[in-house]
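Colleague: I'd like to ask some things about the structure below.
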Amino acid sequence: MKPPAPRPAPRSCGELFTAFTRLALHGFGGVLPVAQHELVERLGWVGRDEFLAMLSVAQVLPGPNVVNLALMIGDRFFGWRGALAAVAGMLLAPALLVLLLAALAARAREYSVVAGALRGMAIVAAGLVASTAIRLTTALRGNALGRPLAAAFGVLTLVAVGVLHWPLVGVALGLGSVAVGAAWLRVRRAPR
């Protein structure tokens, strides 16, 4: 059996910067689904399982998930220079765009078209996040909790935060601790 072919990798920090800038601009308002498509499917820099593992760590770290993901991927390929290039790519163009839009929004507030467009963008972003979550469930096969228990924790989190409006930090610490404990017990009890 042949060993698997090595994954493609960015050739330079400049390529990392360009890829993350393109990613940030394509996913304005909902970068995670675009990140998964670009990094896993189109560029192939990381596998689906690797992406899910990195995303799990990125969600625990302070700051935006996708920025944390960019930091980890940049560091993986070019160390601190790659991390800096990837984060700059994620933040520079959107920051400039937001500043420009803020200046324009001050003049366009009275137009109902602007308010409707922003509501529409929020709905699309929510749909993109949901579709990414559904696509990434295939990677749960190897999860220590198994699909049913992982889905149960996901539903409990959704209800706690989305319906009951409990603080996300408390829910993440509480349910996250229980989920980690359950996974640890399952791994510990698994036959070796």
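Identifiers in this document derive from the order of the structure tokens: chains are assigned A, B, ..., residues are numbered from 1 separately in each chain, and ligands are numbered from 1 in order of occurrence.
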Name all residues at most 12 Å from A:Val34 (count only C-alpha atoms; drop same-chain ones fewer than 2 positions away) and give them as a VMD selection string.
Modeller: chain A and resid 19 to 32 36 to 43 66 125 128 to 129 131 to 132
Colleague: Enumerate as number ranges by chain all residues of stretch 16-81 of chain A assigned to helix (DSSP H, G or I) by DSSP on the backbone, naming them with the chain letters and numbers the document uses.
Modeller: A: 16-26, 31-42, 48-60, 65-81
Colleague: Only N, CA and C atoms, please: the residues just picked out, written as a short mmCIF file (atom, residue, chain, number, x, y, z; two decimals), in the first residue's frame.
Modeller:
data_model
loop_
_atom_site.label_atom_id
_atom_site.label_comp_id
_atom_site.auth_asym_id
_atom_site.auth_seq_id
_atom_site.Cartn_x
_atom_site.Cartn_y
_atom_site.Cartn_z
N LEU A 16 -0.03 32.88 1.89
CA LEU A 16 -0.90 32.77 3.07
C LEU A 16 -1.72 34.05 3.23
N PHE A 17 -1.04 35.20 3.16
CA PHE A 17 -1.72 36.49 3.30
C PHE A 17 -2.81 36.64 2.25
N THR A 18 -2.49 36.34 1.02
CA THR A 18 -3.46 36.46 -0.08
C THR A 18 -4.64 35.52 0.11
N ALA A 19 -4.36 34.28 0.49
CA ALA A 19 -5.44 33.30 0.68
C ALA A 19 -6.38 33.73 1.80
N PHE A 20 -5.83 34.20 2.91
CA PHE A 20 -6.68 34.61 4.02
C PHE A 20 -7.38 35.94 3.75
N THR A 21 -6.77 36.81 2.96
CA THR A 21 -7.47 38.03 2.56
C THR A 21 -8.66 37.68 1.68
N ARG A 22 -8.45 36.81 0.71
CA ARG A 22 -9.54 36.36 -0.17
C ARG A 22 -10.64 35.67 0.65
N LEU A 23 -10.22 34.85 1.57
CA LEU A 23 -11.17 34.15 2.44
C LEU A 23 -12.00 35.15 3.24
N ALA A 24 -11.35 36.14 3.83
CA ALA A 24 -12.04 37.14 4.65
C ALA A 24 -13.02 37.95 3.81
N LEU A 25 -12.64 38.30 2.60
CA LEU A 25 -13.53 39.11 1.76
C LEU A 25 -14.68 38.29 1.17
N HIS A 26 -14.46 37.01 0.91
CA HIS A 26 -15.54 36.16 0.40
C HIS A 26 -16.55 35.84 1.48
N VAL A 31 -17.49 33.89 7.85
CA VAL A 31 -16.22 33.41 7.30
C VAL A 31 -16.01 31.91 7.49
N LEU A 32 -16.54 31.33 8.53
CA LEU A 32 -16.27 29.93 8.84
C LEU A 32 -16.62 28.97 7.70
N PRO A 33 -17.79 29.07 7.09
CA PRO A 33 -18.09 28.16 5.97
C PRO A 33 -17.13 28.34 4.79
N VAL A 34 -16.77 29.58 4.53
CA VAL A 34 -15.84 29.85 3.44
C VAL A 34 -14.46 29.30 3.79
N ALA A 35 -14.06 29.44 5.05
CA ALA A 35 -12.76 28.93 5.50
C ALA A 35 -12.69 27.42 5.31
N GLN A 36 -13.75 26.72 5.70
CA GLN A 36 -13.77 25.27 5.54
C GLN A 36 -13.66 24.89 4.07
N HIS A 37 -14.41 25.56 3.23
CA HIS A 37 -14.38 25.25 1.79
C HIS A 37 -13.00 25.54 1.20
N GLU A 38 -12.47 26.72 1.49
CA GLU A 38 -11.19 27.13 0.91
C GLU A 38 -10.02 26.26 1.41
N LEU A 39 -9.91 26.12 2.73
CA LEU A 39 -8.73 25.47 3.31
C LEU A 39 -8.75 23.96 3.17
N VAL A 40 -9.94 23.37 3.22
CA VAL A 40 -10.04 21.90 3.15
C VAL A 40 -10.28 21.44 1.72
N GLU A 41 -11.30 21.98 1.09
CA GLU A 41 -11.72 21.45 -0.21
C GLU A 41 -10.95 22.04 -1.39
N ARG A 42 -10.78 23.36 -1.43
CA ARG A 42 -10.16 23.97 -2.61
C ARG A 42 -8.63 23.93 -2.54
N ARG A 48 -10.15 17.45 6.57
CA ARG A 48 -11.40 17.75 7.27
C ARG A 48 -11.27 17.50 8.77
N ASP A 49 -10.66 16.38 9.14
CA ASP A 49 -10.48 16.08 10.57
C ASP A 49 -9.54 17.08 11.24
N GLU A 50 -8.47 17.46 10.53
CA GLU A 50 -7.54 18.46 11.07
C GLU A 50 -8.25 19.80 11.26
N PHE A 51 -9.06 20.17 10.26
CA PHE A 51 -9.80 21.43 10.34
C PHE A 51 -10.71 21.42 11.56
N LEU A 52 -11.42 20.32 11.76
CA LEU A 52 -12.33 20.22 12.90
C LEU A 52 -11.57 20.29 14.23
N ALA A 53 -10.43 19.63 14.29
CA ALA A 53 -9.62 19.67 15.52
C ALA A 53 -9.11 21.10 15.79
N MET A 54 -8.62 21.75 14.75
CA MET A 54 -8.13 23.13 14.91
C MET A 54 -9.28 24.07 15.29
N LEU A 55 -10.43 23.86 14.67
CA LEU A 55 -11.59 24.69 14.99
C LEU A 55 -12.01 24.51 16.44
N SER A 56 -11.93 23.28 16.94
CA SER A 56 -12.26 23.02 18.34
C SER A 56 -11.36 23.81 19.27
N VAL A 57 -10.07 23.82 18.97
CA VAL A 57 -9.13 24.59 19.78
C VAL A 57 -9.39 26.08 19.62
N ALA A 58 -9.66 26.51 18.38
CA ALA A 58 -9.89 27.93 18.10
C ALA A 58 -11.10 28.46 18.86
N GLN A 59 -12.11 27.61 19.08
CA GLN A 59 -13.31 28.04 19.78
C GLN A 59 -13.07 28.22 21.27
N VAL A 60 -12.10 27.52 21.81
CA VAL A 60 -11.81 27.62 23.23
C VAL A 60 -10.93 28.84 23.52
N ASN A 65 -13.03 32.91 16.28
CA ASN A 65 -12.62 31.55 15.91
C ASN A 65 -11.77 31.52 14.64
N VAL A 66 -12.19 32.25 13.62
CA VAL A 66 -11.50 32.17 12.34
C VAL A 66 -10.13 32.84 12.42
N VAL A 67 -10.00 33.87 13.23
CA VAL A 67 -8.69 34.50 13.42
C VAL A 67 -7.76 33.53 14.14
N ASN A 68 -8.28 32.84 15.15
CA ASN A 68 -7.48 31.84 15.85
C ASN A 68 -7.07 30.72 14.89
N LEU A 69 -7.98 30.32 14.02
CA LEU A 69 -7.70 29.29 13.02
C LEU A 69 -6.60 29.77 12.07
N ALA A 70 -6.69 31.01 11.61
CA ALA A 70 -5.66 31.58 10.73
C ALA A 70 -4.31 31.58 11.43
N LEU A 71 -4.31 31.94 12.69
CA LEU A 71 -3.08 31.96 13.48
C LEU A 71 -2.44 30.57 13.52
N MET A 72 -3.25 29.55 13.79
CA MET A 72 -2.73 28.18 13.88
C MET A 72 -2.22 27.67 12.54
N ILE A 73 -2.96 27.95 11.47
CA ILE A 73 -2.55 27.46 10.15
C ILE A 73 -1.29 28.19 9.69
N GLY A 74 -1.24 29.50 9.88
CA GLY A 74 -0.04 30.25 9.52
C GLY A 74 1.18 29.76 10.28
N ASP A 75 1.01 29.52 11.58
CA ASP A 75 2.10 29.02 12.41
C ASP A 75 2.56 27.64 11.95
N ARG A 76 1.63 26.81 11.56
CA ARG A 76 1.96 25.45 11.12
C ARG A 76 2.91 25.47 9.93
N PHE A 77 2.70 26.39 9.00
CA PHE A 77 3.50 26.38 7.78
C PHE A 77 4.75 27.24 7.85
N PHE A 78 4.69 28.41 8.52
CA PHE A 78 5.83 29.32 8.51
C PHE A 78 6.16 29.92 9.87
N GLY A 79 5.71 29.26 10.93
CA GLY A 79 6.02 29.77 12.27
C GLY A 79 5.35 31.11 12.53
N TRP A 80 6.02 31.95 13.32
CA TRP A 80 5.41 33.23 13.71
C TRP A 80 5.19 34.14 12.52
N ARG A 81 6.04 34.05 11.50
CA ARG A 81 5.85 34.89 10.29
C ARG A 81 4.57 34.49 9.56
#
Colleague: What is the distance, in Å and to one decimal place, between atom CA of A:Pro167 and atom CA of A:Pro64?
Modeller: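 Atom CA of A:Pro64 lies 16.9 Å from atom CA of A:Pro167.
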Colleague: Stretch 150-157 of chain A: which residues within 8 Å, counting only C-alpha atoms, same-chain residues fewer than 3 positions away excluded, as a PyMOL selection string?
Modeller: chain A and resi 140+145-147+160-162+171-172+175+179
Colleague: Skipping near chain neighbours, those fewer than 5 positions away, what residues fall within 12 Å of A:Arg188 using only C-alpha atoms, listed as a list in words?
Modeller: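 The residues satisfying every condition are Ala144, Leu145, Gly181, Ala182 and Ala183 of chain A.
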Colleague: A:Leu61, A:Ala126, A:Leu101, A:Arg119: which is nearest A:Val169, counting only C-alpha atoms?
Modeller: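 Counting only C-alpha atoms, the residue closest to A:Val169 is A:Leu61.
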